[in-house]
$ cat run_15.pdb   # PDB, C-alpha atoms
ATOM      1  CA  MET M   8       0.792  -5.002 -14.607  1.00  0.00           C
ATOM      2  CA  SER M   9      -2.854  -4.896 -13.515  1.00  0.00           C
ATOM      3  CA  SER M  10      -3.834  -3.902  -9.978  1.00  0.00           C
ATOM      4  CA  ASP M  11      -5.805  -7.192  -9.906  1.00  0.00           C
ATOM      5  CA  ASP M  12      -2.587  -9.194 -10.319  1.00  0.00           C
ATOM      6  CA  PRO M  13      -1.716 -11.061  -7.077  1.00  0.00           C
ATOM      7  CA  THR M  14       1.915  -9.969  -7.325  1.00  0.00           C
ATOM      8  CA  THR M  15       0.893  -6.320  -7.447  1.00  0.00           C
ATOM      9  CA  LYS M  16      -1.382  -6.745  -4.427  1.00  0.00           C
ATOM     10  CA  ASN M  17       1.280  -8.552  -2.412  1.00  0.00           C
ATOM     11  CA  GLU M  18       3.809  -5.855  -3.223  1.00  0.00           C
ATOM     12  CA  ALA M  19       1.313  -3.209  -2.130  1.00  0.00           C
ATOM     13  CA  VAL M  20       0.806  -4.944   1.217  1.00  0.00           C
ATOM     14  CA  ASP M  21       4.561  -5.234   1.751  1.00  0.00           C
ATOM     15  CA  HIS M  22       5.114  -1.575   0.921  1.00  0.00           C
ATOM     16  CA  VAL M  23       2.375  -0.400   3.280  1.00  0.00           C
ATOM     17  CA  ARG M  24       3.736  -2.606   6.063  1.00  0.00           C
ATOM     18  CA  ASP M  25       7.279  -1.332   5.548  1.00  0.00           C
ATOM     19  CA  ARG M  26       6.149   2.281   5.491  1.00  0.00           C
ATOM     20  CA  TYR M  27       4.243   2.053   8.779  1.00  0.00           C
ATOM     21  CA  ALA M  28       6.866  -0.132  10.439  1.00  0.00           C
ATOM     22  CA  ALA M  29       9.432   2.571   9.705  1.00  0.00           C
ATOM     23  CA  ALA M  30       7.104   5.252  11.095  1.00  0.00           C
ATOM     24  CA  ALA M  31       6.520   3.244  14.286  1.00  0.00           C
ATOM     25  CA  SER M  32      10.247   2.711  14.808  1.00  0.00           C
ATOM     26  CA  ARG M  33      10.925   6.413  14.406  1.00  0.00           C
ATOM     27  CA  ILE M  34       8.180   7.333  16.882  1.00  0.00           C
ATOM     28  CA  ALA M  35       9.390   4.724  19.386  1.00  0.00           C
ATOM     29  CA  SER M  36      12.857   6.290  19.242  1.00  0.00           C
ATOM     30  CA  GLY M  37      11.404   9.702  20.082  1.00  0.00           C
ATOM     31  CA  GLU M  38      11.648  11.224  16.624  1.00  0.00           C
ATOM     32  CA  ILE M  39       9.045  13.830  15.650  1.00  0.00           C
ATOM     33  CA  LEU M  40       7.468  12.805  12.387  1.00  0.00           C
ATOM     34  CA  ILE M  41       6.760  15.132   9.514  1.00  0.00           C
ATOM     35  CA  ASP M  42       3.309  14.647   8.024  1.00  0.00           C
ATOM     36  CA  PRO M  43       3.504  11.564   5.761  1.00  0.00           C
ATOM     37  CA  CYS M  44       1.848  13.261   2.809  1.00  0.00           C
ATOM     38  CA  ALA M  45       3.493  16.687   3.202  1.00  0.00           C
ATOM     39  CA  THR M  46       0.161  18.415   3.840  1.00  0.00           C
ATOM     40  CA  PRO M  47      -1.475  19.861   6.984  1.00  0.00           C
ATOM     41  CA  VAL M  48      -4.594  17.700   6.622  1.00  0.00           C
ATOM     42  CA  PHE M  49      -3.373  14.449   8.190  1.00  0.00           C
ATOM     43  CA  GLY M  50      -2.585  13.601  11.801  1.00  0.00           C
ATOM     44  CA  SER M  51      -3.724  14.394  15.332  1.00  0.00           C
ATOM     45  CA  GLY M  52      -4.404  18.045  14.495  1.00  0.00           C
ATOM     46  CA  LEU M  53      -7.764  16.907  13.087  1.00  0.00           C
ATOM     47  CA  TYR M  54      -9.033  15.944  16.558  1.00  0.00           C
ATOM     48  CA  ASP M  55     -11.150  18.700  18.040  1.00  0.00           C
ATOM     49  CA  SER M  56     -11.237  19.927  21.621  1.00  0.00           C
ATOM     50  CA  SER M  57     -13.831  17.294  22.563  1.00  0.00           C
ATOM     51  CA  GLU M  58     -11.147  14.599  22.337  1.00  0.00           C
ATOM     52  CA  PRO M  59      -8.990  14.633  25.516  1.00  0.00           C
ATOM     53  CA  LEU M  60      -5.660  14.008  23.803  1.00  0.00           C
ATOM     54  CA  GLU M  61      -3.844  15.107  26.939  1.00  0.00           C
ATOM     55  CA  ALA M  62      -5.256  11.984  28.639  1.00  0.00           C
ATOM     56  CA  ILE M  63      -3.332   9.620  26.348  1.00  0.00           C
ATOM     57  CA  PRO M  64       0.421   9.196  25.831  1.00  0.00           C
ATOM     58  CA  ALA M  65       1.973  11.798  23.567  1.00  0.00           C
ATOM     59  CA  GLY M  66       3.366   9.070  21.346  1.00  0.00           C
ATOM     60  CA  ALA M  67      -0.127   7.852  20.495  1.00  0.00           C
ATOM     61  CA  ALA M  68      -1.071  11.265  19.158  1.00  0.00           C
ATOM     62  CA  GLN M  69       2.250  11.527  17.348  1.00  0.00           C
ATOM     63  CA  ALA M  70       1.543   8.190  15.671  1.00  0.00           C
ATOM     64  CA  SER M  71      -1.794   9.372  14.299  1.00  0.00           C
ATOM     65  CA  LEU M  72      -1.369   9.328  10.526  1.00  0.00           C
ATOM     66  CA  GLY M  73      -5.058   9.470   9.608  1.00  0.00           C
ATOM     67  CA  CYS M  74      -7.166  11.913   7.638  1.00  0.00           C
ATOM     68  CA  GLY M  75      -9.901  12.598  10.180  1.00  0.00           C
ATOM     69  CA  ASN M  76     -11.441  11.816  13.552  1.00  0.00           C
ATOM     70  CA  PRO M  77     -13.640   8.705  13.391  1.00  0.00           C
ATOM     71  CA  LEU M  78     -14.676   9.078  17.021  1.00  0.00           C
ATOM     72  CA  ALA M  79     -16.507  12.267  16.093  1.00  0.00           C
ATOM     73  CA  VAL M  80     -19.017  10.169  14.124  1.00  0.00           C
ATOM     74  CA  ALA M  81     -18.967   6.768  15.833  1.00  0.00           C
ATOM     75  CA  ASP M  82     -21.318   7.731  18.717  1.00  0.00           C
ATOM     76  CA  LEU M  83     -19.759   5.233  21.099  1.00  0.00           C
ATOM     77  CA  ASN M  84     -21.700   4.221  24.191  1.00  0.00           C
ATOM     78  CA  ALA M  85     -20.758   2.644  27.500  1.00  0.00           C
ATOM     79  CA  GLY M  86     -20.512  -1.129  27.351  1.00  0.00           C
ATOM     80  CA  GLU M  87     -20.006  -1.409  23.595  1.00  0.00           C
ATOM     81  CA  THR M  88     -17.287  -3.333  21.768  1.00  0.00           C
ATOM     82  CA  VAL M  89     -15.508  -1.220  19.164  1.00  0.00           C
ATOM     83  CA  LEU M  90     -12.958  -2.357  16.579  1.00  0.00           C
ATOM     84  CA  ASP M  91     -10.401  -0.022  14.984  1.00  0.00           C
ATOM     85  CA  LEU M  92      -9.126  -1.268  11.615  1.00  0.00           C
ATOM     86  CA  GLY M  93      -5.486  -0.305  11.060  1.00  0.00           C
ATOM     87  CA  CYS M  94      -5.060   0.969  14.610  1.00  0.00           C
ATOM     88  CA  GLY M  95      -1.453   2.110  14.228  1.00  0.00           C
ATOM     89  CA  GLY M  96      -0.096   3.534  17.472  1.00  0.00           C
ATOM     90  CA  GLY M  97      -3.477   3.185  19.139  1.00  0.00           C
ATOM     91  CA  ILE M  98      -4.852   6.723  19.438  1.00  0.00           C
ATOM     92  CA  ASP M  99      -8.423   5.809  18.451  1.00  0.00           C
ATOM     93  CA  VAL M 100      -8.389   2.599  20.491  1.00  0.00           C
ATOM     94  CA  LEU M 101      -7.330   4.469  23.625  1.00  0.00           C
ATOM     95  CA  LEU M 102      -9.897   7.214  23.116  1.00  0.00           C
ATOM     96  CA  SER M 103     -12.576   4.597  22.371  1.00  0.00           C
ATOM     97  CA  ALA M 104     -11.688   2.662  25.526  1.00  0.00           C
ATOM     98  CA  ARG M 105     -12.398   5.733  27.619  1.00  0.00           C
ATOM     99  CA  ARG M 106     -15.746   6.235  25.900  1.00  0.00           C
ATOM    100  CA  VAL M 107     -17.018   2.662  26.226  1.00  0.00           C
ATOM    101  CA  GLY M 108     -15.817   2.449  29.822  1.00  0.00           C
ATOM    102  CA  PRO M 109     -14.826  -0.567  31.907  1.00  0.00           C
ATOM    103  CA  THR M 110     -17.866  -2.559  30.784  1.00  0.00           C
ATOM    104  CA  GLY M 111     -16.918  -2.107  27.119  1.00  0.00           C
ATOM    105  CA  ARG M 112     -13.969  -3.218  24.996  1.00  0.00           C
ATOM    106  CA  ALA M 113     -11.791  -1.438  22.471  1.00  0.00           C
ATOM    107  CA  LEU M 114      -9.979  -3.628  19.963  1.00  0.00           C
ATOM    108  CA  GLY M 115      -7.257  -2.585  17.551  1.00  0.00           C
ATOM    109  CA  LEU M 116      -6.212  -4.522  14.455  1.00  0.00           C
ATOM    110  CA  ASP M 117      -2.959  -3.910  12.615  1.00  0.00           C
ATOM    111  CA  MET M 118      -0.656  -5.994  10.406  1.00  0.00           C
ATOM    112  CA  THR M 119       2.545  -4.237  11.499  1.00  0.00           C
ATOM    113  CA  ASP M 120       4.416  -5.663  14.506  1.00  0.00           C
ATOM    114  CA  GLU M 121       6.157  -2.371  15.201  1.00  0.00           C
ATOM    115  CA  MET M 122       2.874  -0.465  15.363  1.00  0.00           C
ATOM    116  CA  LEU M 123       1.303  -3.123  17.590  1.00  0.00           C
ATOM    117  CA  ASP M 124       4.268  -2.938  19.972  1.00  0.00           C
ATOM    118  CA  LEU M 125       3.884   0.839  20.067  1.00  0.00           C
ATOM    119  CA  ALA M 126       0.109   0.623  20.657  1.00  0.00           C
ATOM    120  CA  ARG M 127       0.497  -1.875  23.498  1.00  0.00           C
ATOM    121  CA  ARG M 128       3.114   0.348  25.122  1.00  0.00           C
ATOM    122  CA  HIS M 129       0.766   3.313  24.886  1.00  0.00           C
ATOM    123  CA  ALA M 130      -2.107   1.322  26.420  1.00  0.00           C
ATOM    124  CA  THR M 131       0.113   0.357  29.343  1.00  0.00           C
ATOM    125  CA  GLU M 132       1.220   3.959  29.811  1.00  0.00           C
ATOM    126  CA  ALA M 133      -2.423   5.073  29.770  1.00  0.00           C
ATOM    127  CA  GLY M 134      -3.354   2.468  32.392  1.00  0.00           C
ATOM    128  CA  LEU M 135      -6.215   1.112  30.288  1.00  0.00           C
ATOM    129  CA  GLU M 136      -7.248  -2.510  30.771  1.00  0.00           C
ATOM    130  CA  ASN M 137     -10.270  -2.725  28.449  1.00  0.00           C
ATOM    131  CA  VAL M 138      -8.138  -2.746  25.297  1.00  0.00           C
ATOM    132  CA  GLN M 139      -6.765  -5.528  23.126  1.00  0.00           C
ATOM    133  CA  PHE M 140      -4.550  -5.371  20.050  1.00  0.00           C
ATOM    134  CA  LEU M 141      -4.691  -8.049  17.360  1.00  0.00           C
ATOM    135  CA  LYS M 142      -2.355  -8.805  14.488  1.00  0.00           C
ATOM    136  CA  GLY M 143      -3.957  -9.297  11.103  1.00  0.00           C
ATOM    137  CA  ARG M 144      -5.105  -7.759   7.859  1.00  0.00           C
ATOM    138  CA  ILE M 145      -8.306  -5.814   7.438  1.00  0.00           C
ATOM    139  CA  GLU M 146      -9.257  -8.143   4.581  1.00  0.00           C
ATOM    140  CA  GLU M 147      -9.236 -11.076   7.047  1.00  0.00           C
ATOM    141  CA  ILE M 148     -10.401  -9.808  10.439  1.00  0.00           C
ATOM    142  CA  PRO M 149      -9.468 -12.393  13.116  1.00  0.00           C
ATOM    143  CA  LEU M 150     -12.741 -12.125  15.036  1.00  0.00           C
ATOM    144  CA  PRO M 151     -15.933 -14.196  15.143  1.00  0.00           C
ATOM    145  CA  ASP M 152     -19.096 -13.293  13.266  1.00  0.00           C
ATOM    146  CA  ALA M 153     -21.335 -10.662  14.892  1.00  0.00           C
ATOM    147  CA  SER M 154     -18.814  -9.859  17.628  1.00  0.00           C
ATOM    148  CA  VAL M 155     -18.529  -6.044  17.614  1.00  0.00           C
ATOM    149  CA  ASP M 156     -20.968  -3.165  17.933  1.00  0.00           C
ATOM    150  CA  VAL M 157     -18.962  -0.567  16.045  1.00  0.00           C
ATOM    151  CA  VAL M 158     -16.178  -0.561  13.454  1.00  0.00           C
ATOM    152  CA  ILE M 159     -14.026   2.546  13.131  1.00  0.00           C
ATOM    153  CA  SER M 160     -11.002   3.306  10.975  1.00  0.00           C
ATOM    154  CA  ASN M 161      -8.923   6.346  10.126  1.00  0.00           C
ATOM    155  CA  CYS M 162      -7.678   6.615   6.557  1.00  0.00           C
ATOM    156  CA  VAL M 163      -6.689   2.947   6.290  1.00  0.00           C
ATOM    157  CA  ILE M 164      -9.292   1.285   4.073  1.00  0.00           C
ATOM    158  CA  THR M 165      -8.140   3.537   1.234  1.00  0.00           C
ATOM    159  CA  LEU M 166      -4.831   1.632   1.244  1.00  0.00           C
ATOM    160  CA  SER M 167      -6.451  -1.756   0.639  1.00  0.00           C
ATOM    161  CA  THR M 168      -6.265  -3.253  -2.833  1.00  0.00           C
ATOM    162  CA  ASP M 169      -9.373  -5.359  -2.072  1.00  0.00           C
ATOM    163  CA  LYS M 170     -11.928  -2.998  -0.559  1.00  0.00           C
ATOM    164  CA  PRO M 171     -14.951  -5.218  -1.377  1.00  0.00           C
ATOM    165  CA  ARG M 172     -13.427  -7.923   0.800  1.00  0.00           C
ATOM    166  CA  VAL M 173     -12.796  -5.412   3.602  1.00  0.00           C
ATOM    167  CA  PHE M 174     -16.421  -4.319   3.547  1.00  0.00           C
ATOM    168  CA  ARG M 175     -17.652  -7.939   3.553  1.00  0.00           C
ATOM    169  CA  GLU M 176     -15.485  -8.591   6.599  1.00  0.00           C
ATOM    170  CA  ILE M 177     -16.840  -5.500   8.324  1.00  0.00           C
ATOM    171  CA  ALA M 178     -20.411  -6.669   7.681  1.00  0.00           C
ATOM    172  CA  ARG M 179     -19.515 -10.128   9.000  1.00  0.00           C
ATOM    173  CA  VAL M 180     -18.042  -9.010  12.335  1.00  0.00           C
ATOM    174  CA  LEU M 181     -20.691  -6.380  13.055  1.00  0.00           C
ATOM    175  CA  LYS M 182     -23.582  -7.447  15.229  1.00  0.00           C
ATOM    176  CA  PRO M 183     -27.048  -7.070  13.677  1.00  0.00           C
ATOM    177  CA  GLY M 184     -27.815  -3.372  13.954  1.00  0.00           C
ATOM    178  CA  GLY M 185     -24.111  -2.602  14.374  1.00  0.00           C
ATOM    179  CA  ARG M 186     -22.566   0.400  12.684  1.00  0.00           C
ATOM    180  CA  LEU M 187     -19.576   1.619  10.736  1.00  0.00           C
ATOM    181  CA  GLY M 188     -18.163   5.101  11.330  1.00  0.00           C
ATOM    182  CA  ILE M 189     -14.868   5.875   9.616  1.00  0.00           C
ATOM    183  CA  SER M 190     -12.712   8.556   8.072  1.00  0.00           C
ATOM    184  CA  ASP M 191     -11.289   7.727   4.661  1.00  0.00           C
ATOM    185  CA  LEU M 192     -10.034   9.181   1.394  1.00  0.00           C
ATOM    186  CA  ILE M 193     -12.286   9.438  -1.657  1.00  0.00           C
ATOM    187  CA  ALA M 194     -10.957  10.006  -5.168  1.00  0.00           C
ATOM    188  CA  HIS M 195     -12.401  12.742  -7.338  1.00  0.00           C
ATOM    189  CA  SER M 196     -14.369  11.233 -10.198  1.00  0.00           C
ATOM    190  CA  ASP M 197     -11.969  12.720 -12.752  1.00  0.00           C
ATOM    191  CA  ALA M 198      -8.772  11.859 -10.854  1.00  0.00           C
ATOM    192  CA  THR M 199      -6.101   9.754 -12.493  1.00  0.00           C
ATOM    193  CA  ARG M 200      -5.915   6.332 -10.859  1.00  0.00           C
ATOM    194  CA  THR M 201      -2.276   5.545 -10.047  1.00  0.00           C
ATOM    195  CA  LEU M 202      -2.525   2.359  -8.009  1.00  0.00           C
ATOM    196  CA  ASP M 203      -0.192   0.434 -10.311  1.00  0.00           C
ATOM    197  CA  VAL M 204       2.422   3.181 -10.149  1.00  0.00           C
ATOM    198  CA  ASP M 205       2.547   3.695  -6.390  1.00  0.00           C
ATOM    199  CA  PRO M 206       0.226   1.537  -4.292  1.00  0.00           C
ATOM    200  CA  THR M 207       1.421   3.017  -0.999  1.00  0.00           C
ATOM    201  CA  GLY M 208       1.207   6.724  -1.700  1.00  0.00           C
ATOM    202  CA  CYS M 209      -1.350   8.717   0.260  1.00  0.00           C
ATOM    203  CA  GLY M 210      -4.677   7.884  -1.299  1.00  0.00           C
ATOM    204  CA  THR M 211      -3.501   6.441  -4.590  1.00  0.00           C
ATOM    205  CA  ALA M 212      -5.742   3.404  -4.036  1.00  0.00           C
ATOM    206  CA  ALA M 213      -8.750   5.639  -3.317  1.00  0.00           C
ATOM    207  CA  VAL M 214     -11.928   5.184  -5.342  1.00  0.00           C
ATOM    208  CA  PRO M 215     -14.664   7.701  -6.253  1.00  0.00           C
ATOM    209  CA  THR M 216     -17.758   8.124  -4.088  1.00  0.00           C
ATOM    210  CA  ASP M 217     -20.093   6.127  -6.322  1.00  0.00           C
ATOM    211  CA  GLU M 218     -17.709   3.159  -6.399  1.00  0.00           C
ATOM    212  CA  TYR M 219     -17.152   3.332  -2.647  1.00  0.00           C
ATOM    213  CA  GLU M 220     -20.905   3.370  -1.996  1.00  0.00           C
ATOM    214  CA  ALA M 221     -21.523   0.518  -4.436  1.00  0.00           C
ATOM    215  CA  GLN M 222     -18.965  -1.636  -2.627  1.00  0.00           C
ATOM    216  CA  LEU M 223     -20.589  -0.946   0.741  1.00  0.00           C
ATOM    217  CA  THR M 224     -23.985  -1.817  -0.719  1.00  0.00           C
ATOM    218  CA  ALA M 225     -22.638  -5.038  -2.223  1.00  0.00           C
ATOM    219  CA  ALA M 226     -21.489  -6.025   1.286  1.00  0.00           C
ATOM    220  CA  ARG M 227     -25.149  -5.615   2.364  1.00  0.00           C
ATOM    221  CA  LEU M 228     -24.494  -2.585   4.510  1.00  0.00           C
ATOM    222  CA  THR M 229     -27.277  -0.012   4.607  1.00  0.00           C
ATOM    223  CA  SER M 230     -28.005   3.601   5.633  1.00  0.00           C
ATOM    224  CA  ILE M 231     -24.836   4.623   3.817  1.00  0.00           C
ATOM    225  CA  THR M 232     -23.694   8.245   3.889  1.00  0.00           C
ATOM    226  CA  ILE M 233     -20.410   9.639   2.563  1.00  0.00           C
ATOM    227  CA  THR M 234     -19.806  13.225   3.682  1.00  0.00           C
ATOM    228  CA  PRO M 235     -16.762  15.157   2.389  1.00  0.00           C
ATOM    229  CA  THR M 236     -14.845  17.050   5.062  1.00  0.00           C
ATOM    230  CA  HIS M 237     -11.760  18.631   3.473  1.00  0.00           C
ATOM    231  CA  GLN M 238      -9.416  18.522   0.510  1.00  0.00           C
ATOM    232  CA  ALA M 239      -6.659  16.020   1.252  1.00  0.00           C
ATOM    233  CA  GLY M 240      -4.420  16.304  -1.789  1.00  0.00           C
ATOM    234  CA  PRO M 241      -4.510  16.372  -5.578  1.00  0.00           C
ATOM    235  CA  GLY M 242      -7.632  14.510  -6.656  1.00  0.00           C
ATOM    236  CA  LEU M 243      -8.463  13.466  -3.090  1.00  0.00           C
ATOM    237  CA  THR M 244     -11.099  14.404  -0.530  1.00  0.00           C
ATOM    238  CA  ALA M 245     -11.253  13.241   3.079  1.00  0.00           C
ATOM    239  CA  ALA M 246     -14.716  12.044   4.042  1.00  0.00           C
ATOM    240  CA  ILE M 247     -16.786  10.665   6.887  1.00  0.00           C
ATOM    241  CA  VAL M 248     -18.398   7.342   5.968  1.00  0.00           C
ATOM    242  CA  ARG M 249     -21.310   5.871   7.907  1.00  0.00           C
ATOM    243  CA  ALA M 250     -23.205   2.624   7.387  1.00  0.00           C
ATOM    244  CA  HIS M 251     -25.116  -0.053   9.318  1.00  0.00           C
ATOM    245  CA  ARG M 252     -25.521  -3.789   9.277  1.00  0.00           C
ATOM    246  CA  PRO M 253     -29.291  -4.321   9.129  1.00  0.00           C
ATOM    247  CA  ALA M 254     -30.924  -5.540  12.300  1.00  0.00           C
ATOM    248  CA  GLU M 255     -32.295  -9.055  12.062  1.00  0.00           C
ATOM    249  CA  THR M 256     -36.063  -9.330  11.981  1.00  0.00           C
TER     250      THR M 256
END
$ encode --input "run_15.pdb" --output "structure tokens"
Amino acid sequence: MSSDDPTTKNEAVDHVRDRYAAAASRIASGEILIDPCATPVFGSGLYDSSEPLEAIPAGAAQASLGCGNPLAVADLNAGETVLDLGCGGGIDVLLSARRVGPTGRALGLDMTDEMLDLARRHATEAGLENVQFLKGRIEEIPLPDASVDVVISNCVITLSTDKPRVFREIARVLKPGGRLGISDLIAHSDATRTLDVDPTGCGTAAVPTDEYEAQLTAARLTSITITPTHQAGPGLTAAIVRAHRPAET
């Protein structure tokens, strides 16, 4: 069955949702998770000392299942509105909220009720009021056009079976001059593509750098850079991805 088949895509979405719902339930019950991909290159250990993880609930850090630290490249400023795609337990939303301050807003989008419940609980525990969590898919962002300054994400876009649509949505919700700063997985150019076999495995929906860049360009994003950071598994590299929506003239 082709990865373009609607049935395959729907199954992929269901599998991703089930996987993260199970993780959220385990975290909420106090269980300590083992790294989801059985490697030491995912999770909160990738946040450096500049990120005050002690200032957020321990569960938020425990729920970090990403492959990098998008806040290290997002350059957030006071008063900005930032959107985290696939926010999970909320670690990047909470850290972003502290960076943008009371005059800014930090939004988190996730399709998994259990993760959203966990994120909202963490926000309450952290005493942060400039945060909001939204339910939805990253292919259909439930926000108006030109409504956010920055889009971040941590190893989530790789899971989408329709990345071109994700990038078009990112371009739509960014304000003119707005920016994208994410961590994601990139496939090696000679890696075997296994999307049809296991659409929810760590990085199996990843695409090579040239394809990733072409999809960003097709969404009319500019100033694109894709910088590898570390090996993330067989045929996979974690990377920092930056891009901008052009400013209107």
$ atom_distance --input "run_15.pdb" --atom1 "atom CA of M:Asp156" --atom2 "atom CA of M:Val100"
14.1 Å
$ resolve_selection --input "run_15.pdb" --expression "the PyMOL selection byres ((chain M and resi 175-184) around 10)" --output "PyMOL selection string"
chain M and resi 88-90+92+145-159+170-174+185-187+222-229+250-256
$ atom_distance --input "run_15.pdb" --atom1 "atom CA of M:Leu243" --atom2 "atom CA of M:Pro215"
9.0 Å
$ atom_distance --input "run_15.pdb" --atom1 "atom CA of M:Gly134" --atom2 "atom CA of M:Ile164"
29.0 Å
$ residues_near_point --input "run_15.pdb" --point "(-18.6, 7.1, 11.7)" --cutoff "10 Å" --atoms "all atoms listed in the file" --output "list in words"
Asn76, Pro77, Leu78, Ala79, Val80, Ala81, Asp82, Leu83, Val157, Val158, Ile159, Ser160, Asn161, Arg186, Leu187, Gly188, Ile189, Ser190, Thr232, Ile233, Ala246, Ile247, Val248, Arg249, Ala250 and His251 of chain M
$ closest_residue --input "run_15.pdb" --among "M:Glu121, M:Asp217, M:Asp99, M:Asp191" --to "M:Cys162" --atoms "all atoms listed in the file"
M:Asp191
$ closest_residue --input "run_15.pdb" --among "M:Thr119, M:Thr244, M:Ser196, M:Thr110" --to "M:Gly95" --atoms "all atoms listed in the file"
M:Thr119
$ closest_residue --input "run_15.pdb" --among "M:Ile193, M:Ala133, M:Met118, M:Leu125" --to "M:Leu101" --atoms "all atoms listed in the file"
M:Ala133
$ residues_around --input "run_15.pdb" --residues "M:Ala85" --least-positions-apart "4" --cutoff "9 Å" --atoms "all atoms listed in the file" --output "PyMOL selection string"
chain M and resi 105-111
$ resolve_selection --input "run_15.pdb" --expression "the PyMOL selection byres ((chain M and resi 236) around 6)" --output "PyMOL selection string"
chain M and resi 235+237+245-246
$ residues_around --input "run_15.pdb" --residues "stretch 135-143 of chain M" --least-positions-apart "6" --cutoff "6 Å" --atoms "all atoms listed in the file" --output "list in words"
Arg112, Ala113, Leu114, Gly115, Leu116, Asp117 and Met118 of chain M
$ decode --input "run_15.pdb" --residues "stretch 165-183 of chain M" --atoms "N, CA and C atoms" --output "JSON list (two decimals), in the first residue's frame"
[["chain", "number", "residue", "atom", "x", "y", "z"],
["M", 165, "THR", "N", 8.62, 15.42, 11.57],
["M", 165, "THR", "CA", 9.09, 14.18, 10.95],
["M", 165, "THR", "C", 8.02, 13.10, 10.93],
["M", 166, "LEU", "N", 7.07, 13.14, 11.89],
["M", 166, "LEU", "CA", 6.04, 12.12, 11.98],
["M", 166, "LEU", "C", 4.90, 12.33, 10.99],
["M", 167, "SER", "N", 4.81, 13.53, 10.41],
["M", 167, "SER", "CA", 3.70, 13.83, 9.52],
["M", 167, "SER", "C", 3.86, 13.11, 8.18],
["M", 168, "THR", "N", 2.74, 12.60, 7.68],
["M", 168, "THR", "CA", 2.75, 11.98, 6.35],
["M", 168, "THR", "C", 2.44, 13.00, 5.26],
["M", 169, "ASP", "N", 2.24, 14.27, 5.64],
["M", 169, "ASP", "CA", 1.96, 15.33, 4.66],
["M", 169, "ASP", "C", 2.74, 16.58, 5.05],
["M", 170, "LYS", "N", 4.06, 16.49, 4.99],
["M", 170, "LYS", "CA", 4.91, 17.61, 5.38],
["M", 170, "LYS", "C", 4.68, 18.87, 4.53],
["M", 171, "PRO", "N", 4.47, 18.76, 3.20],
["M", 171, "PRO", "CA", 4.21, 19.98, 2.44],
["M", 171, "PRO", "C", 3.03, 20.78, 2.99],
["M", 172, "ARG", "N", 2.00, 20.07, 3.43],
["M", 172, "ARG", "CA", 0.85, 20.77, 4.01],
["M", 172, "ARG", "C", 1.21, 21.42, 5.33],
["M", 173, "VAL", "N", 2.03, 20.75, 6.14],
["M", 173, "VAL", "CA", 2.48, 21.34, 7.40],
["M", 173, "VAL", "C", 3.23, 22.64, 7.13],
["M", 174, "PHE", "N", 4.13, 22.63, 6.17],
["M", 174, "PHE", "CA", 4.92, 23.82, 5.90],
["M", 174, "PHE", "C", 4.06, 24.94, 5.33],
["M", 175, "ARG", "N", 3.05, 24.60, 4.53],
["M", 175, "ARG", "CA", 2.12, 25.65, 4.04],
["M", 175, "ARG", "C", 1.35, 26.27, 5.21],
["M", 176, "GLU", "N", 0.95, 25.44, 6.16],
["M", 176, "GLU", "CA", 0.25, 25.96, 7.33],
["M", 176, "GLU", "C", 1.16, 26.85, 8.18],
["M", 177, "ILE", "N", 2.40, 26.44, 8.32],
["M", 177, "ILE", "CA", 3.35, 27.27, 9.07],
["M", 177, "ILE", "C", 3.49, 28.64, 8.40],
["M", 178, "ALA", "N", 3.67, 28.64, 7.08],
["M", 178, "ALA", "CA", 3.80, 29.91, 6.35],
["M", 178, "ALA", "C", 2.54, 30.76, 6.50],
["M", 179, "ARG", "N", 1.38, 30.11, 6.55],
["M", 179, "ARG", "CA", 0.12, 30.85, 6.66],
["M", 179, "ARG", "C", -0.02, 31.55, 8.00],
["M", 180, "VAL", "N", 0.32, 30.84, 9.11],
["M", 180, "VAL", "CA", 0.08, 31.43, 10.43],
["M", 180, "VAL", "C", 1.19, 32.38, 10.86],
["M", 181, "LEU", "N", 2.35, 32.31, 10.22],
["M", 181, "LEU", "CA", 3.42, 33.25, 10.56],
["M", 181, "LEU", "C", 3.08, 34.64, 10.08],
["M", 182, "LYS", "N", 3.42, 35.62, 10.88],
["M", 182, "LYS", "CA", 3.30, 37.01, 10.46],
["M", 182, "LYS", "C", 4.37, 37.30, 9.39],
["M", 183, "PRO", "N", 4.16, 38.26, 8.52],
["M", 183, "PRO", "CA", 5.23, 38.65, 7.60],
["M", 183, "PRO", "C", 6.51, 38.97, 8.38]]
